[in-house]
Every structure is written in C-alpha cells, then in structure tokens.
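Dumped final01.pdb below, it's PDB, C-alpha atoms:
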```pdb
ATOM      1  CA  MET A   1     -12.325   6.907   3.612
ATOM      2  CA  LYS A   2     -13.155   7.021  -0.069
ATOM      3  CA  LEU A   3     -12.726   4.096  -2.416
ATOM      4  CA  VAL A   4      -9.353   4.025  -4.120
ATOM      5  CA  ARG A   5      -7.921   2.331  -7.188
ATOM      6  CA  THR A   6      -4.294   3.283  -6.540
ATOM      7  CA  ALA A   7      -2.438   4.097  -3.327
ATOM      8  CA  LEU A   8       1.115   5.243  -4.047
ATOM      9  CA  PHE A   9       3.911   4.641  -1.537
ATOM     10  CA  ALA A  10       6.430   7.423  -0.935
ATOM     11  CA  PRO A  11       9.400   7.084   1.455
ATOM     12  CA  GLY A  12       8.929   9.320   4.474
ATOM     13  CA  SER A  13      12.608  10.191   4.513
ATOM     14  CA  LYS A  14      12.506  11.726   1.010
ATOM     15  CA  GLU A  15      10.786  15.084   1.037
ATOM     16  CA  ARG A  16      10.960  15.637  -2.726
ATOM     17  CA  VAL A  17       9.541  12.194  -3.540
ATOM     18  CA  MET A  18       6.615  12.759  -1.167
ATOM     19  CA  ALA A  19       5.853  16.096  -2.806
ATOM     20  CA  LYS A  20       5.801  14.482  -6.241
ATOM     21  CA  ALA A  21       3.618  11.633  -4.976
ATOM     22  CA  LEU A  22       1.011  14.104  -3.734
ATOM     23  CA  GLU A  23       0.743  15.473  -7.281
ATOM     24  CA  SER A  24       0.965  12.093  -9.065
ATOM     25  CA  GLY A  25      -2.735  11.569  -9.696
ATOM     26  CA  ALA A  26      -2.979   8.550  -7.394
ATOM     27  CA  HIS A  27      -6.242   8.306  -5.459
ATOM     28  CA  ALA A  28      -4.262   7.978  -2.223
ATOM     29  CA  VAL A  29      -0.674   8.552  -1.149
ATOM     30  CA  ILE A  30       0.970   6.432   1.554
ATOM     31  CA  LEU A  31       3.741   8.404   3.253
ATOM     32  CA  ASP A  32       5.912   5.592   4.546
ATOM     33  CA  LEU A  33       7.579   5.432   7.940
ATOM     34  CA  GLU A  34       8.141   1.679   7.898
ATOM     35  CA  ASP A  35      10.246  -0.462   5.560
ATOM     36  CA  SER A  36      11.561   2.305   3.287
ATOM     37  CA  VAL A  37      13.013   4.302   6.198
ATOM     38  CA  PRO A  38      16.224   3.237   7.996
ATOM     39  CA  ILE A  39      15.987   2.935  11.787
ATOM     40  CA  ALA A  40      18.381   5.842  12.271
ATOM     41  CA  ALA A  41      16.206   8.102  10.103
ATOM     42  CA  LYS A  42      12.826   7.373  11.713
ATOM     43  CA  ALA A  43      12.659  10.497  13.891
ATOM     44  CA  GLU A  44      13.578  12.832  11.039
ATOM     45  CA  ALA A  45      11.162  11.068   8.692
ATOM     46  CA  ARG A  46       8.277  11.658  11.102
ATOM     47  CA  VAL A  47       8.895  15.400  10.913
ATOM     48  CA  LEU A  48       9.114  15.319   7.120
ATOM     49  CA  VAL A  49       5.887  13.302   6.876
ATOM     50  CA  ALA A  50       4.082  15.757   9.157
ATOM     51  CA  LYS A  51       5.288  18.577   6.912
ATOM     52  CA  ALA A  52       4.012  16.726   3.827
ATOM     53  CA  ILE A  53       0.583  16.245   5.433
ATOM     54  CA  ASP A  54       0.409  19.975   6.121
ATOM     55  CA  SER A  55       1.470  20.832   2.555
ATOM     56  CA  ALA A  56      -1.162  18.517   1.080
ATOM     57  CA  SER A  57      -3.851  20.679   2.650
ATOM     58  CA  ALA A  58      -2.791  23.518   0.342
ATOM     59  CA  LEU A  59      -3.474  21.487  -2.817
ATOM     60  CA  PRO A  60      -6.702  22.143  -4.756
ATOM     61  CA  ALA A  61      -9.464  19.957  -3.354
ATOM     62  CA  ALA A  62     -10.258  18.481  -6.778
ATOM     63  CA  SER A  63      -6.729  17.136  -7.207
ATOM     64  CA  ARG A  64      -5.807  16.403  -3.595
ATOM     65  CA  PRO A  65      -5.355  12.676  -2.924
ATOM     66  CA  MET A  66      -6.284  10.943   0.286
ATOM     67  CA  VAL A  67      -3.321  11.386   2.592
ATOM     68  CA  THR A  68      -2.283   8.338   4.571
ATOM     69  CA  VAL A  69       0.750   7.164   6.506
ATOM     70  CA  ARG A  70       2.164   3.678   6.850
ATOM     71  CA  THR A  71       3.368   3.665  10.416
ATOM     72  CA  ASN A  72       5.639   1.148  12.015
ATOM     73  CA  GLY A  73       3.861  -1.908  13.373
ATOM     74  CA  ALA A  74       2.279  -2.161  16.799
ATOM     75  CA  ALA A  75       4.872  -4.724  17.892
ATOM     76  CA  THR A  76       7.894  -2.541  17.075
ATOM     77  CA  GLY A  77       7.661  -0.069  19.943
ATOM     78  CA  LEU A  78       7.729   2.765  17.390
ATOM     79  CA  LEU A  79       4.023   3.165  16.689
ATOM     80  CA  ALA A  80       3.181   5.580  19.510
ATOM     81  CA  ASP A  81       6.036   7.886  18.518
ATOM     82  CA  ASP A  82       4.918   7.774  14.874
ATOM     83  CA  LEU A  83       1.331   8.670  15.712
ATOM     84  CA  ALA A  84       2.292  11.428  18.147
ATOM     85  CA  VAL A  85       3.898  13.337  15.266
ATOM     86  CA  VAL A  86       1.755  12.518  12.226
ATOM     87  CA  VAL A  87      -1.783  12.593  13.639
ATOM     88  CA  ARG A  88      -2.928  16.046  12.618
ATOM     89  CA  LYS A  89      -5.580  17.723  10.502
ATOM     90  CA  GLY A  90      -5.199  16.557   6.921
ATOM     91  CA  LEU A  91      -4.377  12.940   7.774
ATOM     92  CA  ASP A  92      -7.095  10.658   6.420
ATOM     93  CA  ALA A  93      -5.868   7.224   7.485
ATOM     94  CA  ILE A  94      -2.977   5.087   8.603
ATOM     95  CA  PHE A  95      -1.870   1.837   7.038
ATOM     96  CA  LEU A  96      -0.998  -0.376  10.007
ATOM     97  CA  PRO A  97       1.510  -3.040   8.932
ATOM     98  CA  LYS A  98       1.894  -6.621  10.089
ATOM     99  CA  VAL A  99      -1.328  -6.721  12.096
ATOM    100  CA  GLU A 100      -1.863 -10.045  13.834
ATOM    101  CA  SER A 101      -4.334  -9.439  16.655
ATOM    102  CA  VAL A 102      -7.469  -7.599  17.689
ATOM    103  CA  GLU A 103      -5.514  -6.113  20.601
ATOM    104  CA  GLN A 104      -3.128  -4.370  18.211
ATOM    105  CA  MET A 105      -6.083  -2.793  16.471
ATOM    106  CA  THR A 106      -7.927  -1.699  19.599
ATOM    107  CA  GLY A 107      -4.744  -0.350  21.152
ATOM    108  CA  THR A 108      -4.037   1.704  18.037
ATOM    109  CA  ALA A 109      -7.608   2.997  18.006
ATOM    110  CA  LEU A 110      -7.251   4.172  21.616
ATOM    111  CA  LEU A 111      -4.053   6.035  20.743
ATOM    112  CA  LEU A 112      -5.859   7.722  17.871
ATOM    113  CA  ASP A 113      -8.753   8.679  20.161
ATOM    114  CA  ARG A 114      -6.413  10.528  22.481
ATOM    115  CA  LEU A 115      -4.388  12.210  19.748
ATOM    116  CA  GLU A 116      -7.449  13.376  17.820
ATOM    117  CA  ARG A 117      -8.786  15.064  20.949
ATOM    118  CA  ALA A 118      -5.438  16.738  21.529
ATOM    119  CA  GLN A 119      -5.371  18.017  17.933
ATOM    120  CA  GLY A 120      -8.963  19.247  17.984
ATOM    121  CA  MET A 121      -9.946  16.743  15.307
ATOM    122  CA  ALA A 122     -13.303  15.049  14.894
ATOM    123  CA  ALA A 123     -13.533  11.698  16.659
ATOM    124  CA  GLY A 124     -12.794   8.878  14.215
ATOM    125  CA  ALA A 125     -11.314  11.214  11.597
ATOM    126  CA  VAL A 126      -8.268   8.997  11.087
ATOM    127  CA  ARG A 127      -9.202   5.629   9.650
ATOM    128  CA  ILE A 128      -7.141   2.421   9.839
ATOM    129  CA  VAL A 129      -6.189   0.056   7.031
ATOM    130  CA  PRO A 130      -4.782  -3.140   8.585
ATOM    131  CA  MET A 131      -2.116  -4.812   6.458
ATOM    132  CA  PHE A 132      -1.950  -8.607   6.491
ATOM    133  CA  GLU A 133       1.609  -9.806   6.010
ATOM    134  CA  SER A 134       1.827 -13.073   7.949
ATOM    135  CA  ALA A 135       0.029 -16.397   8.125
ATOM    136  CA  LEU A 136      -1.382 -15.468  11.544
ATOM    137  CA  GLY A 137      -2.656 -12.134  10.272
ATOM    138  CA  VAL A 138      -4.349 -13.718   7.270
ATOM    139  CA  MET A 139      -5.937 -16.356   9.504
ATOM    140  CA  ARG A 140      -7.431 -13.626  11.741
ATOM    141  CA  CYS A 141      -8.514 -11.221   9.015
ATOM    142  CA  TYR A 142     -12.243 -11.134   9.807
ATOM    143  CA  GLU A 143     -11.910 -10.497  13.532
ATOM    144  CA  ILE A 144      -9.237  -7.859  12.939
ATOM    145  CA  ALA A 145     -11.323  -6.089  10.290
ATOM    146  CA  ARG A 146     -14.230  -6.017  12.761
ATOM    147  CA  ALA A 147     -12.106  -4.859  15.701
ATOM    148  CA  SER A 148     -12.669  -1.122  15.264
ATOM    149  CA  ALA A 149     -15.133   1.185  13.563
ATOM    150  CA  ARG A 150     -12.081   2.995  12.238
ATOM    151  CA  VAL A 151     -11.288   0.179   9.772
ATOM    152  CA  ALA A 152     -11.859   1.581   6.291
ATOM    153  CA  ALA A 153     -10.364  -1.200   4.180
ATOM    154  CA  THR A 154      -7.827  -3.983   4.386
ATOM    155  CA  CYS A 155      -4.606  -4.600   2.471
ATOM    156  CA  ILE A 156      -2.755  -7.849   1.805
ATOM    157  CA  GLY A 157       1.018  -8.020   1.555
ATOM    158  CA  SER A 158       1.133  -9.958  -1.700
ATOM    159  CA  ALA A 159       4.471  -8.658  -2.992
ATOM    160  CA  ARG A 160       7.008 -11.063  -4.408
ATOM    161  CA  ASP A 161       9.632 -11.895  -1.743
ATOM    162  CA  GLY A 162       7.573  -9.947   0.777
ATOM    163  CA  ASP A 163       6.794 -10.761   4.394
ATOM    164  CA  LEU A 164       3.779 -12.948   3.661
ATOM    165  CA  GLN A 165       5.572 -15.089   1.084
ATOM    166  CA  THR A 166       8.504 -15.424   3.478
ATOM    167  CA  ASP A 167       6.259 -16.490   6.349
ATOM    168  CA  LEU A 168       4.375 -19.010   4.233
ATOM    169  CA  GLY A 169       7.565 -20.355   2.678
ATOM    170  CA  CYS A 170       5.809 -20.544  -0.683
ATOM    171  CA  GLY A 171       6.965 -19.726  -4.174
ATOM    172  CA  TRP A 172       5.668 -16.944  -6.381
ATOM    173  CA  SER A 173       4.442 -16.957  -9.958
ATOM    174  CA  ILE A 174       2.702 -14.534 -12.259
ATOM    175  CA  GLU A 175      -0.235 -16.962 -12.386
ATOM    176  CA  GLY A 176      -0.739 -16.259  -8.660
ATOM    177  CA  THR A 177      -1.269 -19.897  -7.648
ATOM    178  CA  GLU A 178       0.831 -19.801  -4.495
ATOM    179  CA  LEU A 179      -0.926 -16.822  -2.866
ATOM    180  CA  PHE A 180      -4.354 -17.456  -4.384
ATOM    181  CA  TYR A 181      -5.860 -18.808  -1.166
ATOM    182  CA  ALA A 182      -4.508 -15.977   0.982
ATOM    183  CA  ARG A 183      -5.716 -13.322  -1.463
ATOM    184  CA  SER A 184      -9.144 -14.964  -1.684
ATOM    185  CA  LYS A 185      -9.437 -15.286   2.093
ATOM    186  CA  ILE A 186      -8.569 -11.640   2.700
ATOM    187  CA  LEU A 187     -11.078 -10.576   0.061
ATOM    188  CA  LEU A 188     -13.873 -12.802   1.384
ATOM    189  CA  GLU A 189     -13.391 -11.927   5.049
ATOM    190  CA  SER A 190     -12.996  -8.212   4.360
ATOM    191  CA  ARG A 191     -16.298  -8.158   2.509
ATOM    192  CA  ALA A 192     -17.901 -10.212   5.288
ATOM    193  CA  ALA A 193     -16.675  -7.521   7.698
ATOM    194  CA  GLY A 194     -18.227  -4.826   5.519
ATOM    195  CA  VAL A 195     -15.047  -3.242   4.104
ATOM    196  CA  TYR A 196     -13.221  -3.316   0.790
ATOM    197  CA  ALA A 197      -9.834  -4.904   0.174
ATOM    198  CA  LEU A 198      -6.740  -3.487  -1.519
ATOM    199  CA  ASP A 199      -4.142  -5.739  -3.078
ATOM    200  CA  GLY A 200      -0.446  -5.365  -2.322
ATOM    201  CA  VAL A 201       2.415  -4.043  -4.397
ATOM    202  CA  PHE A 202       3.874  -5.575  -7.539
ATOM    203  CA  SER A 203       7.589  -5.093  -7.050
ATOM    204  CA  ASP A 204       9.020  -5.607 -10.565
ATOM    205  CA  LEU A 205       8.886  -2.143 -12.102
ATOM    206  CA  ASN A 206      10.294  -3.414 -15.404
ATOM    207  CA  ASP A 207       7.542  -5.990 -15.973
ATOM    208  CA  GLU A 208       4.565  -3.914 -17.076
ATOM    209  CA  ALA A 209       2.890  -6.854 -18.804
ATOM    210  CA  GLY A 210       3.194  -8.914 -15.634
ATOM    211  CA  PHE A 211       1.836  -6.050 -13.572
ATOM    212  CA  ILE A 212      -1.211  -5.725 -15.809
ATOM    213  CA  GLN A 213      -1.772  -9.503 -15.683
ATOM    214  CA  ASP A 214      -1.549  -9.489 -11.893
ATOM    215  CA  CYS A 215      -3.964  -6.541 -11.659
ATOM    216  CA  ALA A 216      -6.424  -8.377 -13.913
ATOM    217  CA  LEU A 217      -6.366 -11.429 -11.620
ATOM    218  CA  SER A 218      -6.739  -9.206  -8.565
ATOM    219  CA  ALA A 219      -9.704  -7.368 -10.078
ATOM    220  CA  ARG A 220     -11.433 -10.622 -11.014
ATOM    221  CA  LEU A 221     -11.104 -11.797  -7.424
ATOM    222  CA  GLY A 222     -12.876  -8.652  -6.238
ATOM    223  CA  TYR A 223     -10.110  -6.290  -5.134
ATOM    224  CA  ILE A 224     -11.036  -2.682  -5.905
ATOM    225  CA  GLY A 225      -7.451  -1.474  -6.340
ATOM    226  CA  ARG A 226      -3.958  -1.847  -4.981
ATOM    227  CA  THR A 227      -0.903  -0.193  -3.515
ATOM    228  CA  VAL A 228       1.763   0.833  -6.027
ATOM    229  CA  ILE A 229       5.397   1.810  -5.700
ATOM    230  CA  HIS A 230       5.963   4.070  -8.714
ATOM    231  CA  PRO A 231       3.859   6.664 -10.544
ATOM    232  CA  LYS A 232       4.192   4.711 -13.798
ATOM    233  CA  GLN A 233       2.060   1.960 -12.262
ATOM    234  CA  ILE A 234      -0.883   4.299 -11.624
ATOM    235  CA  ALA A 235      -2.390   4.442 -15.123
ATOM    236  CA  PRO A 236      -2.252   0.700 -15.920
ATOM    237  CA  ALA A 237      -3.629  -0.154 -12.475
ATOM    238  CA  ARG A 238      -6.533   2.262 -12.878
ATOM    239  CA  GLN A 239      -7.342   0.786 -16.261
ATOM    240  CA  ALA A 240      -7.164  -2.795 -14.984
ATOM    241  CA  TYR A 241      -9.510  -2.181 -12.044
ATOM    242  CA  ALA A 242     -11.856   0.259 -13.776
ATOM    243  CA  VAL A 243     -15.449  -0.494 -14.684
ATOM    244  CA  SER A 244     -15.574  -0.273 -18.484
ATOM    245  CA  GLU A 245     -17.872   2.217 -20.184
ATOM    246  CA  ALA A 246     -19.803  -0.676 -21.726
ATOM    247  CA  ASP A 247     -20.326  -2.353 -18.355
ATOM    248  CA  ALA A 248     -21.349   0.928 -16.749
ATOM    249  CA  ALA A 249     -23.893   1.558 -19.505
ATOM    250  CA  TYR A 250     -25.321  -1.966 -19.129
ATOM    251  CA  TYR A 251     -25.665  -1.716 -15.366
ATOM    252  CA  ARG A 252     -27.323   1.702 -15.639
ATOM    253  CA  ARG A 253     -29.919   0.071 -17.882
ATOM    254  CA  VAL A 254     -30.314  -2.730 -15.341
ATOM    255  CA  VAL A 255     -31.017  -0.257 -12.545
ATOM    256  CA  SER A 256     -33.304   1.943 -14.617
ATOM    257  CA  GLU A 257     -35.375  -0.852 -16.137
ATOM    258  CA  PHE A 258     -35.613  -2.889 -12.952
ATOM    259  CA  GLU A 259     -36.708   0.099 -10.869
ATOM    260  CA  ALA A 260     -39.330   1.025 -13.454
ATOM    261  CA  VAL A 261     -40.831  -2.468 -13.446
ATOM    262  CA  GLU A 262     -40.594  -2.770  -9.665
ATOM    263  CA  LYS A 263     -42.365   0.571  -9.216
ATOM    264  CA  SER A 264     -45.200  -0.600 -11.424
ATOM    265  CA  GLY A 265     -45.568  -3.704  -9.273
ATOM    266  CA  ALA A 266     -45.656  -5.892 -12.365
ATOM    267  CA  SER A 267     -42.686  -8.117 -11.545
ATOM    268  CA  ALA A 268     -39.460  -8.500  -9.573
ATOM    269  CA  ALA A 269     -37.694 -10.276 -12.421
ATOM    270  CA  ILE A 270     -37.000  -8.959 -15.916
ATOM    271  CA  THR A 271     -34.494  -9.473 -18.717
ATOM    272  CA  VAL A 272     -31.982  -6.885 -19.905
ATOM    273  CA  ASP A 273     -30.029  -7.706 -23.043
ATOM    274  CA  GLY A 274     -31.313 -11.242 -22.714
ATOM    275  CA  LYS A 275     -29.977 -11.662 -19.144
ATOM    276  CA  LEU A 276     -32.119 -12.375 -16.114
ATOM    277  CA  VAL A 277     -32.332  -9.522 -13.621
ATOM    278  CA  ASP A 278     -33.905  -9.911 -10.191
ATOM    279  CA  TYR A 279     -33.105  -8.314  -6.843
ATOM    280  CA  ALA A 280     -29.694  -9.979  -6.611
ATOM    281  CA  MET A 281     -28.593  -8.685 -10.027
ATOM    282  CA  TYR A 282     -30.091  -5.275  -9.217
ATOM    283  CA  GLN A 283     -27.958  -5.000  -6.070
ATOM    284  CA  ARG A 284     -24.904  -6.083  -8.050
ATOM    285  CA  ALA A 285     -25.624  -3.378 -10.611
ATOM    286  CA  LYS A 286     -25.802  -0.675  -7.940
ATOM    287  CA  ARG A 287     -22.498  -1.768  -6.444
ATOM    288  CA  VAL A 288     -20.761  -1.762  -9.835
ATOM    289  CA  LEU A 289     -22.094   1.720 -10.560
ATOM    290  CA  GLU A 290     -20.738   2.944  -7.216
ATOM    291  CA  LEU A 291     -17.298   1.819  -8.358
ATOM    292  CA  ALA A 292     -17.856   3.241 -11.847
ATOM    293  CA  LEU A 293     -18.192   6.722 -10.347
ATOM    294  CA  LEU A 294     -14.610   6.346  -9.146
ATOM    295  CA  ASP A 295     -13.548   5.802 -12.764
ATOM    296  CA  GLY A 296     -15.629   8.624 -14.194
ATOM    297  CA  ASN A 297     -18.035   6.234 -15.949
TER     298      ASN A 297
END
```

Can I see the file as structure tokens?
Amino acid sequence: MKLVRTALFAPGSKERVMAKALESGAHAVILDLEDSVPIAAKAEARVLVAKAIDSASALPAASRPMVTVRTNGAATGLLADDLAVVVRKGLDAIFLPKVESVEQMTGTALLLDRLERAQGMAAGAVRIVPMFESALGVMRCYEIARASARVAATCIGSARDGDLQTDLGCGWSIEGTELFYARSKILLESRAAGVYALDGVFSDLNDEAGFIQDCALSARLGYIGRTVIHPKQIAPARQAYAVSEADAAYYRRVVSEFEAVEKSGASAAITVDGKLVDYAMYQRAKRVLELALLDGN
C-alpha cells in the first residue's frame, strides 16, 4: 500500500458519489459499508461497492487512486458477507473499523487468504488498515498493528463526537488537548510496529480554518495524512501534510553532502546550513525525501 496524504470516504450506498470520489484527486478512496450505510441497505451497498471497484480499474493508471473499502467491524457479524462481495481484483486494502483484539485481525486475515485464492489474486494483495475507535483498541495498538503482515497503516478515530471520544467520555477542542495522548500513542506504537499512521476525519465541513489547524497539529505529531469526508478537504489537507519545497531542497543537500563526505571516509559528521548532520540526521533526511516524492517535491 502506497503512502497517502488524503483518503476520501464515499458512502457505499451512493453510486454517483463513489464515482465522483474516484475522480476527486484523493490519494485513496474509502468506499464505505459501515456507518454511512443503513442496516437495510447493506446488501445492496456491497454490490454497488463491488461495481465501483471494477469501474476504478478502467481509470488511467496515473490518476487512479488506491481503492479501499471500510467494511463493517469484526464484531458485527457482517464482515464475512462484506468481504465475500468486495474482495476482487482492483481492491487494494480494507479499513477495518473498531478493532480491539489481535484475534479480530488474524481472523480477518484468514478470510482474506481464502477469498484471494478464490478470486485468483496474489496472496496478501489486500492490505488491512486497522481503525482504533475505543479505549481498548488504542491501548492495544502495537500488538494489533503487528498481528498480520497485511497491516499497511493504522488509523485513529479522532473525529469530534466520534466513537473514541464517546468511549473516553472526554471533551473536544480545536487545540486537541483531550485526544492528544491517544493520537500520540497511536502514532508512536504504529511507528514502533513499522507502519505509518493516518489521522481521522474532521467533521465540521464549514470550519476550514479549524481543519487546517487540526491538520497542522496532526502533521507535527508525525501523521502522514488523514481520512477526509468531502473533496473540498483534499487540497488543504495535502498542503498541511506536504513537505515544503524549501525543506525538500535542504534535505536533498543533507543527503548529497553527507554521502559525499562518508564516501571519502573523512568524517561521519558534517554541517549543512550551519546544522549538525550525522547518521541520525541523514536517516531523517532520507525519510523526509520519501514523503516529499508523494508531494511532487
């Protein structure tokens, strides 16, 4: 699964909205079978989502987003039915909501094993993004993120009035104080597990300034991007998480100058623009430049 700055939700029961989402310019599209779809419409939505996955394959490769599906959770009894319909060629990953145990992850991975074989897909083709939306899930982030080789990233449910806030019983503010620990823990444990973390949705579509402020905090913490709920959030989110041209230029100099000195054997510590650079800073530079490629810098 590629790195993403924006992953746009689209209700699985709305065929037209899904089609527009696939052409929105988001790095990934999340075709939703969970909270945006009424119980009575789940079966029909599965068929529509499968159709959208098939149609995405016809898009030009250069503009085709990663195609993912948010299934219903493992505890709902609906997950197996979701996967039986949507696992097909063209599906890159599933977002698995409300994950709270290793067993939910391993059970889902086994289902995917069987369905991939049935569809003639490569083993491990469909990745998993566990979503942490409860206190128990947040507490177990590291072990869940390590539970399967299919885990491509993690995602925290940080939305205002969302499941995590409800479970914690905390308030919410644009400063982010109330969920700061949970967001930091998910980020730290995801990186310890060797995967990146995506932040959750910002639900107030009329508060662009607040959205940008929240993205800035998220990016400073170390999140590489986030889920979004409307195409108008894509551009400001990309800008907030992007590596600036100035930073990209600086880190390219770091890599170039450090590698030149290292190759000569003269030293493993230099200065670039007056800043110390040793192996730690060199590794940081390479990681930033990996992200910069995502932003075209």

Expected residue set, 12 Å radius at (3.9, 0.7, -21.2), all atoms listed in the file, as a list in words
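Residues lying no farther than 12 Å from the given point: Leu205, Asn206, Asp207, Glu208, Ala209, Gly210, Phe211, Ile212, Lys232, Gln233, Ile234, Ala235, Pro236 and Ala237 of chain A.
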
Next, dump the selected residues to file, keeping only C-alpha atoms, as a PDB file, in the frame of the given file.
```pdb
ATOM      1  CA  LEU A 205       8.886  -2.143 -12.102  1.00  0.00           C
ATOM      2  CA  ASN A 206      10.294  -3.414 -15.404  1.00  0.00           C
ATOM      3  CA  ASP A 207       7.542  -5.990 -15.973  1.00  0.00           C
ATOM      4  CA  GLU A 208       4.565  -3.914 -17.076  1.00  0.00           C
ATOM      5  CA  ALA A 209       2.890  -6.854 -18.804  1.00  0.00           C
ATOM      6  CA  GLY A 210       3.194  -8.914 -15.634  1.00  0.00           C
ATOM      7  CA  PHE A 211       1.836  -6.050 -13.572  1.00  0.00           C
ATOM      8  CA  ILE A 212      -1.211  -5.725 -15.809  1.00  0.00           C
ATOM      9  CA  LYS A 232       4.192   4.711 -13.798  1.00  0.00           C
ATOM     10  CA  GLN A 233       2.060   1.960 -12.262  1.00  0.00           C
ATOM     11  CA  ILE A 234      -0.883   4.299 -11.624  1.00  0.00           C
ATOM     12  CA  ALA A 235      -2.390   4.442 -15.123  1.00  0.00           C
ATOM     13  CA  PRO A 236      -2.252   0.700 -15.920  1.00  0.00           C
ATOM     14  CA  ALA A 237      -3.629  -0.154 -12.475  1.00  0.00           C
TER      15      ALA A 237
END
```

Interatomic distance (Å, one decimal) between CA of Leu188 (chain A) and CA of Asp32 (chain A)
27.2 Å

Counting all atoms listed in the file, the residue of A:Val87, A:Ala285, A:Val49, A:Leu110 that sits nearest Ser256 (chain A)
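Nearest to Ser256 (chain A): A:Ala285.
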
Could you tell me how far CA of Val102 (chain A) lies from CA of Thr68 (chain A), in Å and to one decimal?
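Computing the Euclidean distance for CA of Val102 (chain A) and CA of Thr68 (chain A) yields 21.3 Å.
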
Could you check the closest approach to Ser13 (chain A) for each of A:Ser101, A:Cys170, A:Leu33, A:His27 and tell me which residue wins, using only C-alpha atoms?
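Closest residue, counting only C-alpha atoms: A:Leu33.
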
Please write as a VMD selection string the full residue list that the PyMOL selection byres ((chain A and resi 162-168) around 10) yields on this file.
chain A and resid 98 132 to 138 156 to 161 169 to 172 178 to 179 182 200 to 201 203

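One distance worth recording is that between CA of Ser148 (chain A) and CA of Gly120 (chain A), which is 20.9 Å.
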
As an mmCIF file with C-alpha atoms, in the frame of the given file, please: the residues near Thr108 (chain A) (cut-off 9 Å, only C-alpha atoms, same-chain neighbours under 6 positions excluded).
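Output file out-v8.cif follows:
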```cif
data_model
loop_
_atom_site.group_PDB
_atom_site.id
_atom_site.type_symbol
_atom_site.label_atom_id
_atom_site.label_comp_id
_atom_site.auth_asym_id
_atom_site.auth_seq_id
_atom_site.Cartn_x
_atom_site.Cartn_y
_atom_site.Cartn_z
ATOM 1 C CA ALA A 74 2.279 -2.161 16.799
ATOM 2 C CA LEU A 79 4.023 3.165 16.689
ATOM 3 C CA ALA A 80 3.181 5.580 19.510
ATOM 4 C CA LEU A 96 -0.998 -0.376 10.007
ATOM 5 C CA ILE A 128 -7.141 2.421 9.839
#
```

Step by step, work through what the PyMOL selection byres ((chain A and resi 126) around 8) selects in the shown file, and finish by giving those residues as a list of chain:residue names.
A:Val87, A:Leu91, A:Asp92, A:Ala93, A:Ile94, A:Leu112, A:Gly124, A:Ala125, A:Arg127, A:Ile128, A:Arg150

Quick one: 6 Å padding each side, axis-aligned, all listed atoms of region 72-79 of chain A - centre and edge lengths in Å to one decimal, as lines of an AutoDock Vina configuration file?
```
center_x = 5.1
center_y = -0.8
center_z = 16.0
size_x = 17.6
size_y = 19.9
size_z = 19.9
```

Using only C-alpha atoms, list the residues that have an atom at most 9 Å from (-22.0, 5.2, -16.4), coordinates as in the file, as a compact mmCIF listing (two decimals) with C-alpha atoms, keeping the file's coordinate frame.
```txt
# COMPACT_ATOMS: atom_id res chain seq x y z
CA VAL A 243 -15.45 -0.49 -14.68
CA SER A 244 -15.57 -0.27 -18.48
CA GLU A 245 -17.87 2.22 -20.18
CA ALA A 246 -19.80 -0.68 -21.73
CA ASP A 247 -20.33 -2.35 -18.36
CA ALA A 248 -21.35 0.93 -16.75
CA ALA A 249 -23.89 1.56 -19.50
CA TYR A 250 -25.32 -1.97 -19.13
CA TYR A 251 -25.66 -1.72 -15.37
CA ARG A 252 -27.32 1.70 -15.64
CA LEU A 289 -22.09 1.72 -10.56
CA ALA A 292 -17.86 3.24 -11.85
CA LEU A 293 -18.19 6.72 -10.35
CA GLY A 296 -15.63 8.62 -14.19
CA ASN A 297 -18.04 6.23 -15.95
```

Using all atoms listed in the file, pick whichever of A:Met121, A:Ala109, A:Ala28, A:Ala192 has the shortest atom-to-atom distance to Lys2 (chain A).
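Once distances to Lys2 (chain A) are computed over all atoms listed in the file, the minimum belongs to A:Ala28.
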
Under the PyMOL selection byres ((chain A and resi 51) around 12), which residues of this model are included? Write them out as a compact mmCIF listing (two decimals) with C-alpha atoms, keeping the file's coordinate frame.
```txt
# COMPACT_ATOMS: atom_id res chain seq x y z
CA GLY A 12 8.93 9.32 4.47
CA SER A 13 12.61 10.19 4.51
CA LYS A 14 12.51 11.73 1.01
CA GLU A 15 10.79 15.08 1.04
CA ARG A 16 10.96 15.64 -2.73
CA MET A 18 6.62 12.76 -1.17
CA ALA A 19 5.85 16.10 -2.81
CA LEU A 31 3.74 8.40 3.25
CA GLU A 44 13.58 12.83 11.04
CA ALA A 45 11.16 11.07 8.69
CA ARG A 46 8.28 11.66 11.10
CA VAL A 47 8.90 15.40 10.91
CA LEU A 48 9.11 15.32 7.12
CA VAL A 49 5.89 13.30 6.88
CA ALA A 50 4.08 15.76 9.16
CA ALA A 52 4.01 16.73 3.83
CA ILE A 53 0.58 16.24 5.43
CA ASP A 54 0.41 19.98 6.12
CA SER A 55 1.47 20.83 2.56
CA ALA A 56 -1.16 18.52 1.08
CA SER A 57 -3.85 20.68 2.65
CA ALA A 58 -2.79 23.52 0.34
CA VAL A 85 3.90 13.34 15.27
CA VAL A 86 1.76 12.52 12.23
CA VAL A 87 -1.78 12.59 13.64
CA ARG A 88 -2.93 16.05 12.62
CA LYS A 89 -5.58 17.72 10.50
CA GLY A 90 -5.20 16.56 6.92
CA LEU A 91 -4.38 12.94 7.77
```

Considering all atoms listed in the file, state which residue in the set A:Thr106, A:Thr177, A:Ser36, A:Gln213 is at the smallest distance from Asn72 (chain A).
A:Ser36

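If all atoms listed in the file are the atoms counted, then among A:Arg140, A:Lys42, A:Tyr241, A:Asp81 the closest residue to Leu111 (chain A) is A:Asp81.
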
Residues near region 263-273 of chain A, cut-off 12 Å, all atoms listed in the file, skip fewer than 3 positions along chain, as number ranges by chain:
A: 249-260, 276-282, 285

Find the residues around Leu198 (chain A) up to 8 Å (only C-alpha atoms counted), leave out those fewer than 4 positions away in its own chain, and share them as a PyMOL selection string.
chain A and resi 153-156+223-227

Closest to Arg287 (chain A) among A:Tyr196, A:His230, A:Gln239, A:Val129, using only C-alpha atoms?
A:Tyr196

Non-local contacts of Tyr142 (chain A) (9 Å; all atoms listed in the file; under 4 positions in same chain excluded) as number ranges by chain:
A: 138, 146-147, 186, 188-193

Excluding Ala123 (chain A) and any residue of its chain fewer than 6 positions from it, enumerate the residues within 10 Å of it, using all atoms listed in the file, and give them as an mmCIF file with C-alpha atoms, keeping the file's coordinate frame.
```
data_model
loop_
_atom_site.group_PDB
_atom_site.id
_atom_site.type_symbol
_atom_site.label_atom_id
_atom_site.label_comp_id
_atom_site.auth_asym_id
_atom_site.auth_seq_id
_atom_site.Cartn_x
_atom_site.Cartn_y
_atom_site.Cartn_z
ATOM 1 C CA LEU A 112 -5.859 7.722 17.871
ATOM 2 C CA ASP A 113 -8.753 8.679 20.161
ATOM 3 C CA ARG A 114 -6.413 10.528 22.481
ATOM 4 C CA LEU A 115 -4.388 12.210 19.748
ATOM 5 C CA GLU A 116 -7.449 13.376 17.820
ATOM 6 C CA ARG A 117 -8.786 15.064 20.949
ATOM 7 C CA ARG A 150 -12.081 2.995 12.238
#
```
